[in-house]
$ cat my_file-v6.txt   # compact mmCIF, C-alpha atoms
# COMPACT_ATOMS: atom_id res chain seq x y z
CA MET A 1 100.35 114.15 88.87
CA LEU A 2 98.23 111.15 89.78
CA HIS A 3 97.19 112.52 93.18
CA ALA A 4 95.50 115.54 91.55
CA LYS A 5 92.43 113.51 90.54
CA SER A 6 89.58 113.63 93.01
CA HIS A 7 88.69 109.93 93.20
CA ILE A 8 91.11 107.27 92.11
CA GLU A 9 90.68 103.57 92.78
CA ILE A 10 93.69 101.29 92.65
CA PHE A 11 93.54 97.55 93.13
CA VAL A 12 96.42 95.84 94.88
CA ALA A 13 97.95 92.78 93.26
CA SER A 14 96.14 89.51 93.85
CA ARG A 15 97.77 86.51 95.45
CA GLU A 16 97.79 84.78 92.06
CA GLN A 17 99.68 87.69 90.53
CA LEU A 18 102.13 87.89 93.43
CA ILE A 19 103.14 84.23 93.21
CA SER A 20 103.78 84.40 89.47
CA PRO A 21 107.52 84.05 88.73
CA SER A 22 107.26 86.49 85.80
CA PHE A 23 105.44 89.06 87.98
CA GLN A 24 108.12 88.73 90.65
CA ALA A 25 110.94 89.04 88.11
CA ARG A 26 109.47 92.18 86.53
CA LEU A 27 108.75 93.80 89.89
CA ARG A 28 112.28 93.04 91.06
CA MET A 29 113.73 94.50 87.86
CA ALA A 30 111.82 97.73 88.48
CA VAL A 31 112.94 97.89 92.12
CA LYS A 32 116.56 97.25 91.16
CA SER A 33 116.45 100.09 88.61
CA GLU A 34 115.60 102.62 91.35
CA THR A 35 118.29 105.20 92.06
CA LEU A 36 117.21 105.67 95.69
CA SER A 37 119.13 104.02 98.52
CA ARG A 38 117.29 101.20 100.24
CA ARG A 39 116.41 103.42 103.21
CA LYS A 40 115.19 106.23 101.00
CA LEU A 41 113.26 103.70 98.93
CA LEU A 42 111.52 102.45 102.07
CA ASP A 43 110.76 106.01 103.13
CA ASP A 44 109.42 106.77 99.65
CA LEU A 45 107.34 103.58 99.71
CA ALA A 46 105.76 104.59 103.01
CA GLU A 47 105.25 108.22 102.00
CA THR A 48 103.74 107.29 98.63
CA ILE A 49 101.26 104.82 100.09
CA TYR A 50 100.36 106.77 103.23
CA SER A 51 99.83 110.03 101.32
CA PHE A 52 97.81 108.49 98.48
CA LYS A 53 94.44 110.24 98.45
CA GLY A 54 92.61 107.63 96.40
CA CYS A 55 91.03 104.38 97.44
CA VAL A 56 93.15 101.21 97.61
CA LEU A 57 91.06 98.11 96.97
CA LEU A 58 91.50 94.35 97.11
CA ARG A 59 89.56 91.75 95.13
CA ARG A 60 88.88 88.68 97.25
CA ASN A 61 86.28 85.90 97.20
CA ASN A 62 84.23 87.49 94.42
CA GLY A 63 84.05 90.75 96.33
CA VAL A 64 85.84 94.08 96.46
CA TYR A 65 87.14 95.37 99.77
CA ARG A 66 89.08 98.37 100.96
CA TYR A 67 92.67 97.24 101.42
CA PRO A 68 93.85 97.90 104.99
CA ILE A 69 97.20 99.66 104.68
CA PRO A 70 99.56 97.93 107.12
CA ASP A 71 102.48 99.36 109.07
CA ILE A 72 104.84 99.46 106.12
CA TYR A 73 108.08 99.42 108.09
CA SER A 74 106.95 96.38 110.08
CA VAL A 75 105.98 94.47 106.94
CA MET A 76 109.20 95.44 105.17
CA GLY A 77 111.37 94.26 108.06
CA GLY A 78 112.21 97.51 109.80
CA TYR A 79 113.59 100.95 109.03
CA GLU A 80 117.05 99.79 107.95
CA GLY A 81 115.83 98.01 104.83
CA ARG A 82 118.06 94.96 105.13
CA TRP A 83 115.54 92.68 103.44
CA LEU A 84 115.31 95.10 100.54
CA SER A 85 119.09 95.11 100.14
CA LEU A 86 119.19 91.33 100.00
CA TYR A 87 116.22 91.28 97.61
CA MET A 88 118.08 93.58 95.22
CA GLN A 89 121.31 91.54 95.27
CA ASP A 90 121.91 88.79 92.72
CA VAL A 91 123.31 85.31 93.06
CA ASN A 92 123.55 83.62 89.67
CA GLY A 93 120.90 85.93 88.25
CA LYS A 94 118.39 85.22 91.01
CA PRO A 95 117.56 87.28 94.10
CA ARG A 96 119.91 86.55 96.97
CA HIS A 97 116.90 86.47 99.24
CA GLN A 98 113.47 85.34 98.06
CA THR A 99 110.48 86.49 100.01
CA HIS A 100 107.73 84.30 101.29
CA GLN A 101 105.90 87.34 102.58
CA LEU A 102 103.72 88.25 99.65
CA GLU A 103 102.67 91.41 101.48
CA ARG A 104 106.15 92.86 100.87
CA LEU A 105 105.77 92.34 97.14
CA ARG A 106 102.21 93.71 97.28
CA LEU A 107 103.43 96.95 98.86
CA LEU A 108 106.26 97.38 96.36
CA ASP A 109 103.81 96.77 93.52
CA LEU A 110 101.29 99.21 95.05
CA ARG A 111 103.94 101.92 95.03
CA TYR A 112 104.36 101.48 91.28
CA ARG A 113 100.61 101.36 90.71
CA ILE A 114 100.41 104.77 92.40
CA ILE A 115 103.48 106.56 91.03
CA SER A 116 104.00 104.81 87.71
CA PRO A 117 101.03 102.78 86.48
CA GLN A 118 102.60 102.51 83.02
CA ILE A 119 105.44 100.47 84.58
CA ALA A 120 103.18 98.48 86.94
CA GLN A 121 101.00 97.28 84.07
CA HIS A 122 103.96 95.30 82.72
CA PHE A 123 104.29 93.27 85.92
CA VAL A 124 101.16 91.25 85.11
CA ARG A 125 101.84 90.49 81.46

$ encode --input "my_file-v6.txt" --output "structure tokens"
Amino acid sequence: MLHAKSHIEIFVASREQLISPSFQARLRMAVKSETLSRRKLLDDLAETIYSFKGCVLLRRNNGVYRYPIPDIYSVMGGYEGRWLSLYMQDVNGKPRHQTHQLERLRLLDLRYRIISPQIAQHFVR
């Protein structure tokens, strides 16, 4: 398991990656393929990120900084996961609810970078 290594560094997605339509489409496809309910997915997101023993980093302004993990439930819109439900629903092949909060996408992407880097690497192709 990924957490077994003693020192792992993971970089969160950059703003440029997060605003890419192809990145967003691939991330959304991965989220939609989850078998967890939206509430369990939010709980898993929080547990995965909060229990990660490695170092989460952010590249910004030609520097590397430790990424400050936010209150995940606040960023994601609360414990009920309503935003996530709307995000996973389709209207004419597009998300019913787009997000303008890139931090939500960053946290979803970070979850995949921790638990399934082989999937996350396809988001930035």

$ residues_around --input "my_file-v6.txt" --residues "Ser37 in chain A" --least-positions-apart "6" --cutoff "12 Å" --atoms "all atoms listed in the file" --output "ChimeraX atom specification"
/A:31,43-45,80-82,84-85,88

$ residues_around --input "my_file-v6.txt" --residues "Asp71 in chain A" --least-positions-apart "4" --cutoff "12 Å" --atoms "only C-alpha atoms" --output "PyMOL selection string"
chain A and resi 42+45-47+49-50+75-79+103-104+107

$ residues_around --input "my_file-v6.txt" --residues "Phe23 in chain A" --least-positions-apart "6" --cutoff "10 Å" --atoms "only C-alpha atoms" --output "list in words"
Ala13, Glu16, Gln17, Met29, Leu105, Asp109, Ala120, His122, Phe123, Val124 and Arg125 of chain A

$ closest_residue --input "my_file-v6.txt" --among "A:Gln121, A:Tyr65, A:Lys94, A:Ile115" --to "Pro21 in chain A" --atoms "only C-alpha atoms"
A:Lys94

$ atom_distance --input "my_file-v6.txt" --atom1 "CA of Arg60 in chain A" --atom2 "CA of Leu27 in chain A"
21.8 Å

$ atom_distance --input "my_file-v6.txt" --atom1 "CA of Asn61 in chain A" --atom2 "CA of Ser74 in chain A"
26.5 Å

$ closest_residue --input "my_file-v6.txt" --among "A:Arg28, A:Lys53, A:Arg111, A:Arg66" --to "Pro95 in chain A" --atoms "only C-alpha atoms"
A:Arg28

$ atom_distance --input "my_file-v6.txt" --atom1 "CA of Asp90 in chain A" --atom2 "CA of Arg38 in chain A"
15.2 Å

$ closest_residue --input "my_file-v6.txt" --among "A:Ile10, A:Ile119, A:Val56, A:Ala25" --to "Tyr87 in chain A" --atoms "only C-alpha atoms"
A:Ala25

$ closest_residue --input "my_file-v6.txt" --among "A:Val12, A:Ile72, A:Leu58, A:Val91" --to "Pro117 in chain A" --atoms "all atoms listed in the file"
A:Val12

$ decode --input "my_file-v6.txt" --residues "range 27-125 of chain A" --atoms "C-alpha atoms" --output "mmCIF file, in the first residue's frame"
data_model
loop_
_atom_site.group_PDB
_atom_site.id
_atom_site.type_symbol
_atom_site.label_atom_id
_atom_site.label_comp_id
_atom_site.auth_asym_id
_atom_site.auth_seq_id
_atom_site.Cartn_x
_atom_site.Cartn_y
_atom_site.Cartn_z
ATOM 1 C CA LEU A 27 -11.392 13.568 -13.114
ATOM 2 C CA ARG A 28 -15.178 13.616 -13.311
ATOM 3 C CA MET A 29 -15.198 10.291 -15.150
ATOM 4 C CA ALA A 30 -13.115 8.742 -12.361
ATOM 5 C CA VAL A 31 -15.375 10.191 -9.654
ATOM 6 C CA LYS A 32 -18.503 8.974 -11.440
ATOM 7 C CA SER A 33 -17.071 5.448 -11.657
ATOM 8 C CA GLU A 34 -16.818 5.222 -7.854
ATOM 9 C CA THR A 35 -19.137 2.702 -6.209
ATOM 10 C CA LEU A 36 -19.299 4.640 -2.934
ATOM 11 C CA SER A 37 -22.308 6.798 -2.086
ATOM 12 C CA ARG A 38 -21.649 10.524 -2.145
ATOM 13 C CA ARG A 39 -21.494 10.671 1.656
ATOM 14 C CA LYS A 40 -19.153 7.713 1.879
ATOM 15 C CA LEU A 41 -17.069 9.217 -0.914
ATOM 16 C CA LEU A 42 -16.729 12.448 1.066
ATOM 17 C CA ASP A 43 -15.813 10.497 4.194
ATOM 18 C CA ASP A 44 -13.267 8.491 2.199
ATOM 19 C CA LEU A 45 -11.870 11.691 0.683
ATOM 20 C CA ALA A 46 -11.373 13.190 4.131
ATOM 21 C CA GLU A 47 -9.972 10.001 5.651
ATOM 22 C CA THR A 48 -7.576 9.425 2.754
ATOM 23 C CA ILE A 49 -6.176 12.949 2.825
ATOM 24 C CA TYR A 50 -6.102 13.410 6.600
ATOM 25 C CA SER A 51 -4.434 10.031 7.206
ATOM 26 C CA PHE A 52 -1.839 10.385 4.436
ATOM 27 C CA LYS A 53 1.578 10.124 6.084
ATOM 28 C CA GLY A 54 3.549 11.667 3.236
ATOM 29 C CA CYS A 55 4.133 15.277 2.349
ATOM 30 C CA VAL A 56 1.606 17.124 0.163
ATOM 31 C CA LEU A 57 3.263 19.886 -1.835
ATOM 32 C CA LEU A 58 2.205 22.736 -4.093
ATOM 33 C CA ARG A 59 4.259 24.341 -6.855
ATOM 34 C CA ARG A 60 3.670 28.081 -6.964
ATOM 35 C CA ASN A 61 5.649 31.082 -8.229
ATOM 36 C CA ASN A 62 8.750 29.041 -9.042
ATOM 37 C CA GLY A 63 8.786 27.584 -5.547
ATOM 38 C CA VAL A 64 7.618 24.475 -3.744
ATOM 39 C CA TYR A 65 5.491 24.813 -0.632
ATOM 40 C CA ARG A 66 3.776 22.478 1.764
ATOM 41 C CA TYR A 67 0.112 22.405 0.789
ATOM 42 C CA PRO A 68 -2.095 23.411 3.735
ATOM 43 C CA ILE A 69 -4.811 20.759 3.960
ATOM 44 C CA PRO A 70 -8.113 22.628 4.372
ATOM 45 C CA ASP A 71 -11.251 21.584 6.223
ATOM 46 C CA ILE A 72 -12.408 19.145 3.578
ATOM 47 C CA TYR A 73 -16.091 19.160 4.492
ATOM 48 C CA SER A 74 -16.211 22.960 4.382
ATOM 49 C CA VAL A 75 -14.541 23.086 0.973
ATOM 50 C CA MET A 76 -16.766 20.322 -0.386
ATOM 51 C CA GLY A 77 -19.958 22.059 0.742
ATOM 52 C CA GLY A 78 -20.804 20.183 3.912
ATOM 53 C CA TYR A 79 -21.265 16.648 5.162
ATOM 54 C CA GLU A 80 -24.284 15.819 3.000
ATOM 55 C CA GLY A 81 -22.376 15.935 -0.281
ATOM 56 C CA ARG A 82 -25.036 17.724 -2.297
ATOM 57 C CA TRP A 83 -22.490 19.433 -4.539
ATOM 58 C CA LEU A 84 -20.892 16.079 -5.267
ATOM 59 C CA SER A 85 -24.252 14.598 -6.253
ATOM 60 C CA LEU A 86 -24.904 17.431 -8.682
ATOM 61 C CA TYR A 87 -21.353 17.175 -10.019
ATOM 62 C CA MET A 88 -21.882 13.497 -10.801
ATOM 63 C CA GLN A 89 -25.223 14.032 -12.591
ATOM 64 C CA ASP A 90 -25.345 14.611 -16.344
ATOM 65 C CA VAL A 91 -27.319 17.034 -18.447
ATOM 66 C CA ASN A 92 -26.655 16.446 -22.137
ATOM 67 C CA GLY A 93 -23.337 14.777 -21.352
ATOM 68 C CA LYS A 94 -22.074 17.640 -19.199
ATOM 69 C CA PRO A 95 -22.035 17.968 -15.409
ATOM 70 C CA ARG A 96 -25.310 19.283 -14.062
ATOM 71 C CA HIS A 97 -23.306 21.556 -11.812
ATOM 72 C CA GLN A 98 -19.914 22.949 -12.798
ATOM 73 C CA THR A 99 -17.622 24.087 -10.051
ATOM 74 C CA HIS A 100 -15.865 27.390 -9.904
ATOM 75 C CA GLN A 101 -14.127 26.323 -6.727
ATOM 76 C CA LEU A 102 -10.957 24.778 -8.038
ATOM 77 C CA GLU A 103 -10.109 23.644 -4.519
ATOM 78 C CA ARG A 104 -12.885 21.038 -4.730
ATOM 79 C CA LEU A 105 -11.340 19.571 -7.858
ATOM 80 C CA ARG A 106 -7.878 19.761 -6.280
ATOM 81 C CA LEU A 107 -9.021 17.688 -3.300
ATOM 82 C CA LEU A 108 -10.723 15.076 -5.487
ATOM 83 C CA ASP A 109 -7.578 14.850 -7.607
ATOM 84 C CA LEU A 110 -5.380 14.605 -4.495
ATOM 85 C CA ARG A 111 -7.389 11.603 -3.334
ATOM 86 C CA TYR A 112 -6.571 9.807 -6.578
ATOM 87 C CA ARG A 113 -2.924 10.841 -6.415
ATOM 88 C CA ILE A 114 -2.762 9.162 -2.994
ATOM 89 C CA ILE A 115 -4.851 6.014 -3.514
ATOM 90 C CA SER A 116 -4.480 5.432 -7.240
ATOM 91 C CA PRO A 117 -1.635 7.330 -8.892
ATOM 92 C CA GLN A 118 -1.951 5.173 -12.010
ATOM 93 C CA ILE A 119 -5.435 6.655 -12.558
ATOM 94 C CA ALA A 120 -4.468 10.206 -11.544
ATOM 95 C CA GLN A 121 -1.661 10.333 -14.096
ATOM 96 C CA HIS A 122 -4.261 10.162 -16.875
ATOM 97 C CA PHE A 123 -5.984 13.342 -15.705
ATOM 98 C CA VAL A 124 -3.138 15.522 -16.995
ATOM 99 C CA ARG A 125 -2.639 13.929 -20.399
#
